[in-house]
Amino acid sequence: MRGPSRCIGNAGHLLARVVGTVWLALMLCAVDAGVSWSQELARYDLEDTSWNGLSSLKLLAEERVGVSIEQVAVVDLGTMADSDVVLWLYPRGGVPVEAVSRWARAGGQMVLADDFGASAALLERLGLARVPVPSSGVPVVDDNPALPVLVPLGEHRLTRGVHRVMTNHPTGLRGPDGAVLGFGETEVAGLYDMRLGEGRIRVLSDPSIFINLMLPLGDNRRLVTNLIEAMCEEVPGPCRVLVVAADSVVTGPVSSRETHEWSDVVDGLESALRRFGERQPSDRAFRVASLVLLAGALPFLVALFPVRRQPTVLPPRVPPSRRPGSRLEQHLRTYRSRADHVVPAMLLRDVVEPILYAALDMERPPMDDSGRAARAAAAERMARSMAKGPGARVMLRRRIASMLDGFAALPVATPFMTPPRPVPARTWRRWIALSTRILQQMELDDAYRRRVERLEPRS
């Protein structure tokens with residue numbers, strides 16, 4: 001009887017191996033089919049649980065990072081909330097280059113992941129160009145040239161915990177120095193982190209990294225987590241990720257011709273400077289060119305500055321107060337239109353910090369590096385009392401710690417003689433929004449109002 005049993009067992013084992021081998025072969029055939037998933041197969045749907053959907057991305061954003069994520073068919077950049085960020089995957093329709101550029105300059109946060117889509121004009125505006133991935137000098141998966149690997153090109157916020165990113169039929173990117181991920185030791189990149197004004201656009205040359213089949217491979221999940229966290233750390237209030245994919249439409253407000261021409265001038269100057277930097281001139285040539293550029297640009301900027309239109313900026317959200325005549329709110333009105341917000345930031349710190357540390361039964365830490373550990377501990381305790389999921393707690397802790405460290409870097413007294421490091425309007429708005437959220441969720445509104453009323457001017 002042992003003979004037939006052993007025969008049946010061997011047959012079952014052999015059948016399992018055959019099935020597994022066939023499944024693996026089918027998957028490799030799908031990968032090596034010669035077409036990009038982003039062109040033909042990827043659906044980019046957050047509710048799709050199949051191999052080419054985005055359901056794993058949704059779980060990652062909501063459970064691991066702790067942010068809201070939703071898919072939209074139409075996005076109007078002119079009406080988006082300050083806390084909204086955009087994940088744009090393989091655009092196939094028109095890309096409003098001017099609207100995206102102006103939105104990013106005003107503080108917009110976007111990840112653009114595209115290989116063969118319609119983003120070429122926007123890439124050109126950013127000083128980037130699509131190029132083929134080199135056939136040599138690039139690590140690949142299973143000796144398959146269709147699956148090149150991206151590696152970090154240095155230390156960067158987006159490469160924390162990232163060593164190998166698996167791609168599928170990607171394109172390459174070539175542009176200015178500062179690429180984050182590259183294809184091996186070649187000069188072709190796969191990820192750029194581009195700053196435009198107060199905002200950022202992160203450009204990734206392979207959107208298929210986000211689909212269910214590719215997300216668990218290599219360090220893809222860690223990279224996507226870093227991308228979402230980096231975008232959300234730059235916006236005030238609870239972050240919301242808007243997924244725009246394939247045939248979805250992105251629009252923006254139509255600007256005047258004057259604004260359009262000025263935007264073209266700025267973007268053209270940036271592109272020219274990037275191209276100049278790629279030529280790597282000698283030190284002497286660089287100094288001469290810099291002097292010529294400075295001499296020619298100064299009269300031009302002086303002539304244009306008086307008529308330059310400032311972007312519309314919503315007023316900062318101010319914590320509630322019973323009486324609008326408090327000294328704090330008077331300073332808010334005074335500094336609302338200024339570029340540097342050092343003084344109102346000092347007032348905000350001196351009002352909010354004592355309330356928070358008193359609620360935590362902690363002494364106010366020293367305003368130097370020796371107090372960094374105490375500020376980190378305070379941020380951890382506040383995040384634990386405010387956020388539920390572990391991902392949300394980590395992000396909130398980082399934002400609170402960043403704000404407390406920013407408060408510590410401010411001057412102790414009003415700066416008259418030595419100008420301190422400036423506080424940009426966007427940083428100020430982020431601190432106001434975060435302080436308001438902390439006070440409300442920790443039920444410290446009454447303590448805040450009582451403290452503000454002490455700053456009332458005497459009648």
# chains A, B, ... in the order shown; residues from 1 in each chain; ligands from 1
call {"tool": "select_by_dssp", "arguments": {"residues": "region 78-159 of chain A", "states": "alpha helix (DSSP H)", "output": "VMD selection string"}}
result
chain A and resid 97 to 105 120 to 125
call {"tool": "write_last_selection", "arguments": {"atoms": "N, CA and C atoms", "output": "PDB file, in the first residue's frame"}}
result
ATOM      1  N   VAL A  97      -0.135  73.391 -18.763  1.00  0.00           N
ATOM      2  CA  VAL A  97       1.211  73.649 -18.253  1.00  0.00           C
ATOM      3  C   VAL A  97       1.249  74.936 -17.437  1.00  0.00           C
ATOM      4  N   GLU A  98       0.670  76.001 -17.961  1.00  0.00           N
ATOM      5  CA  GLU A  98       0.729  77.287 -17.257  1.00  0.00           C
ATOM      6  C   GLU A  98       0.005  77.207 -15.920  1.00  0.00           C
ATOM      7  N   ALA A  99      -1.196  76.594 -15.906  1.00  0.00           N
ATOM      8  CA  ALA A  99      -1.970  76.511 -14.666  1.00  0.00           C
ATOM      9  C   ALA A  99      -1.240  75.675 -13.620  1.00  0.00           C
ATOM     10  N   VAL A 100      -0.661  74.543 -14.033  1.00  0.00           N
ATOM     11  CA  VAL A 100       0.082  73.693 -13.089  1.00  0.00           C
ATOM     12  C   VAL A 100       1.292  74.437 -12.543  1.00  0.00           C
ATOM     13  N   SER A 101       1.994  75.162 -13.420  1.00  0.00           N
ATOM     14  CA  SER A 101       3.181  75.897 -12.988  1.00  0.00           C
ATOM     15  C   SER A 101       2.818  76.968 -11.958  1.00  0.00           C
ATOM     16  N   ARG A 102       1.764  77.741 -12.217  1.00  0.00           N
ATOM     17  CA  ARG A 102       1.373  78.806 -11.277  1.00  0.00           C
ATOM     18  C   ARG A 102       0.838  78.214  -9.974  1.00  0.00           C
ATOM     19  N   TRP A 103       0.100  77.116 -10.077  1.00  0.00           N
ATOM     20  CA  TRP A 103      -0.421  76.458  -8.867  1.00  0.00           C
ATOM     21  C   TRP A 103       0.723  75.954  -7.991  1.00  0.00           C
ATOM     22  N   ALA A 104       1.734  75.359  -8.603  1.00  0.00           N
ATOM     23  CA  ALA A 104       2.872  74.871  -7.829  1.00  0.00           C
ATOM     24  C   ALA A 104       3.636  76.034  -7.200  1.00  0.00           C
ATOM     25  N   ARG A 105       3.816  77.123  -7.922  1.00  0.00           N
ATOM     26  CA  ARG A 105       4.538  78.269  -7.373  1.00  0.00           C
ATOM     27  C   ARG A 105       3.835  78.843  -6.149  1.00  0.00           C
ATOM     28  N   ALA A 120       4.760  65.685 -21.759  1.00  0.00           N
ATOM     29  CA  ALA A 120       6.031  66.151 -22.316  1.00  0.00           C
ATOM     30  C   ALA A 120       6.188  67.661 -22.205  1.00  0.00           C
ATOM     31  N   ALA A 121       5.115  68.412 -22.454  1.00  0.00           N
ATOM     32  CA  ALA A 121       5.214  69.879 -22.399  1.00  0.00           C
ATOM     33  C   ALA A 121       5.497  70.354 -20.977  1.00  0.00           C
ATOM     34  N   LEU A 122       4.866  69.714 -19.990  1.00  0.00           N
ATOM     35  CA  LEU A 122       5.123  70.086 -18.599  1.00  0.00           C
ATOM     36  C   LEU A 122       6.553  69.710 -18.206  1.00  0.00           C
ATOM     37  N   LEU A 123       7.022  68.546 -18.652  1.00  0.00           N
ATOM     38  CA  LEU A 123       8.406  68.166 -18.373  1.00  0.00           C
ATOM     39  C   LEU A 123       9.376  69.184 -18.967  1.00  0.00           C
ATOM     40  N   GLU A 124       9.083  69.648 -20.165  1.00  0.00           N
ATOM     41  CA  GLU A 124       9.950  70.650 -20.793  1.00  0.00           C
ATOM     42  C   GLU A 124       9.953  71.939 -19.980  1.00  0.00           C
ATOM     43  N   ARG A 125       8.795  72.340 -19.468  1.00  0.00           N
ATOM     44  CA  ARG A 125       8.730  73.535 -18.627  1.00  0.00           C
ATOM     45  C   ARG A 125       9.589  73.370 -17.379  1.00  0.00           C
TER      46      ARG A 125
END
call {"tool": "closest_atom_pairs", "arguments": {"of": "region 38-121 of chain A", "to": "region 373-395 of chain A", "cutoff": "10 Å", "atoms": "only C-alpha atoms", "output": "JSON lines"}}
result
{"residue": "A:Leu60", "atom": "CA", "partner": "A:Gly391", "partner_atom": "CA", "distance": 9.4}
{"residue": "A:Ala61", "atom": "CA", "partner": "A:Gly391", "partner_atom": "CA", "distance": 8.8}
{"residue": "A:Glu62", "atom": "CA", "partner": "A:Gly391", "partner_atom": "CA", "distance": 8.3}
{"residue": "A:Glu63", "atom": "CA", "partner": "A:Gly391", "partner_atom": "CA", "distance": 6.5}
{"residue": "A:Arg64", "atom": "CA", "partner": "A:Gly391", "partner_atom": "CA", "distance": 4.6}
{"residue": "A:Val65", "atom": "CA", "partner": "A:Gly391", "partner_atom": "CA", "distance": 4.3}
{"residue": "A:Gly66", "atom": "CA", "partner": "A:Ala392", "partner_atom": "CA", "distance": 4.1}
{"residue": "A:Val67", "atom": "CA", "partner": "A:Ala392", "partner_atom": "CA", "distance": 7.0}
call {"tool": "write_last_selection", "arguments": {"atoms": "C-alpha atoms", "output": "compact mmCIF listing (two decimals), in the first residue's frame"}}
result
# COMPACT_ATOMS: atom_id res chain seq x y z
CA LEU A 60 -1.14 52.10 2.15
CA ALA A 61 -2.29 55.74 2.20
CA GLU A 62 -5.14 55.26 4.66
CA GLU A 63 -3.67 52.69 7.06
CA ARG A 64 0.10 53.13 6.90
CA VAL A 65 0.39 56.87 6.23
CA GLY A 66 -2.94 57.86 7.78
CA VAL A 67 -4.19 60.25 5.09
call {"tool": "atom_distance", "arguments": {"atom1": "CA of Ala106 (chain A)", "atom2": "CA of Leu196 (chain A)"}}
result
8.4 Å
call {"tool": "residues_around", "arguments": {"residues": "region 403-414 of chain A", "least_positions_apart": "2", "cutoff": "7 Å", "atoms": "only C-alpha atoms", "output": "PyMOL selection string"}}
result
chain A and resi 343+346+349+367-368+375+399-401+416+420+431
call {"tool": "write_last_selection", "arguments": {"atoms": "C-alpha atoms", "output": "PDB file, in the first residue's frame"}}
result
ATOM      1  CA  VAL A 343       7.015  88.821  14.755  1.00  0.00           C
ATOM      2  CA  MET A 346       6.958  84.899  17.983  1.00  0.00           C
ATOM      3  CA  ARG A 349       4.791  80.774  20.052  1.00  0.00           C
ATOM      4  CA  MET A 367      15.247  77.196  23.015  1.00  0.00           C
ATOM      5  CA  ASP A 368      18.400  75.551  21.681  1.00  0.00           C
ATOM      6  CA  ARG A 375      10.336  68.974  22.239  1.00  0.00           C
ATOM      7  CA  ARG A 399       4.747  67.983  11.973  1.00  0.00           C
ATOM      8  CA  ILE A 400       4.390  69.008  15.616  1.00  0.00           C
ATOM      9  CA  ALA A 401       8.106  68.456  16.293  1.00  0.00           C
ATOM     10  CA  PHE A 416      15.418  95.256  15.825  1.00  0.00           C
ATOM     11  CA  PRO A 420      16.585  86.743  12.077  1.00  0.00           C
ATOM     12  CA  TRP A 431       1.904  76.727  12.099  1.00  0.00           C
TER      13      TRP A 431
END
call {"tool": "closest_residue", "arguments": {"among": "A:Val111, A:Val75, A:Ala189, A:Leu213", "to": "Asn226 (chain A)", "atoms": "only C-alpha atoms"}}
result
A:Val111
call {"tool": "atom_distance", "arguments": {"atom1": "CA of Thr436 (chain A)", "atom2": "CA of Val352 (chain A)"}}
result
9.4 Å
call {"tool": "residues_around", "arguments": {"residues": "Pro238 (chain A)", "least_positions_apart": "5", "cutoff": "9 Å", "atoms": "only C-alpha atoms", "output": "list in words"}}
result
Val67, Ser68, Ser83, Asp84 and Cys232 of chain A
call {"tool": "write_last_selection", "arguments": {"atoms": "C-alpha atoms", "output": "PDB file, in the first residue's frame"}}
result
ATOM      1  CA  VAL A  67      -4.194  60.253   5.090  1.00  0.00           C
ATOM      2  CA  SER A  68      -7.378  60.447   3.061  1.00  0.00           C
ATOM      3  CA  SER A  83      -4.546  70.687   2.292  1.00  0.00           C
ATOM      4  CA  ASP A  84      -5.110  68.876  -1.051  1.00  0.00           C
ATOM      5  CA  CYS A 232       1.442  65.929   3.033  1.00  0.00           C
TER       6      CYS A 232
END
call {"tool": "atom_distance", "arguments": {"atom1": "CA of Arg240 (chain A)", "atom2": "CA of Ala81 (chain A)"}}
result
9.1 Å
call {"tool": "residues_around", "arguments": {"residues": "Val141 (chain A)", "least_positions_apart": "4", "cutoff": "12 Å", "atoms": "only C-alpha atoms", "output": "number ranges by chain"}}
result
A: 28, 31-32, 145-150, 164-169, 217-218
call {"tool": "closest_residue", "arguments": {"among": "A:Leu57, A:Leu204, A:Leu356, A:Leu181", "to": "Ser119 (chain A)", "atoms": "only C-alpha atoms"}}
result
A:Leu204
call {"tool": "closest_residue", "arguments": {"among": "A:Gly108, A:Gly175, A:Gly252, A:Pro344", "to": "Tyr192 (chain A)", "atoms": "only C-alpha atoms"}}
result
A:Gly175
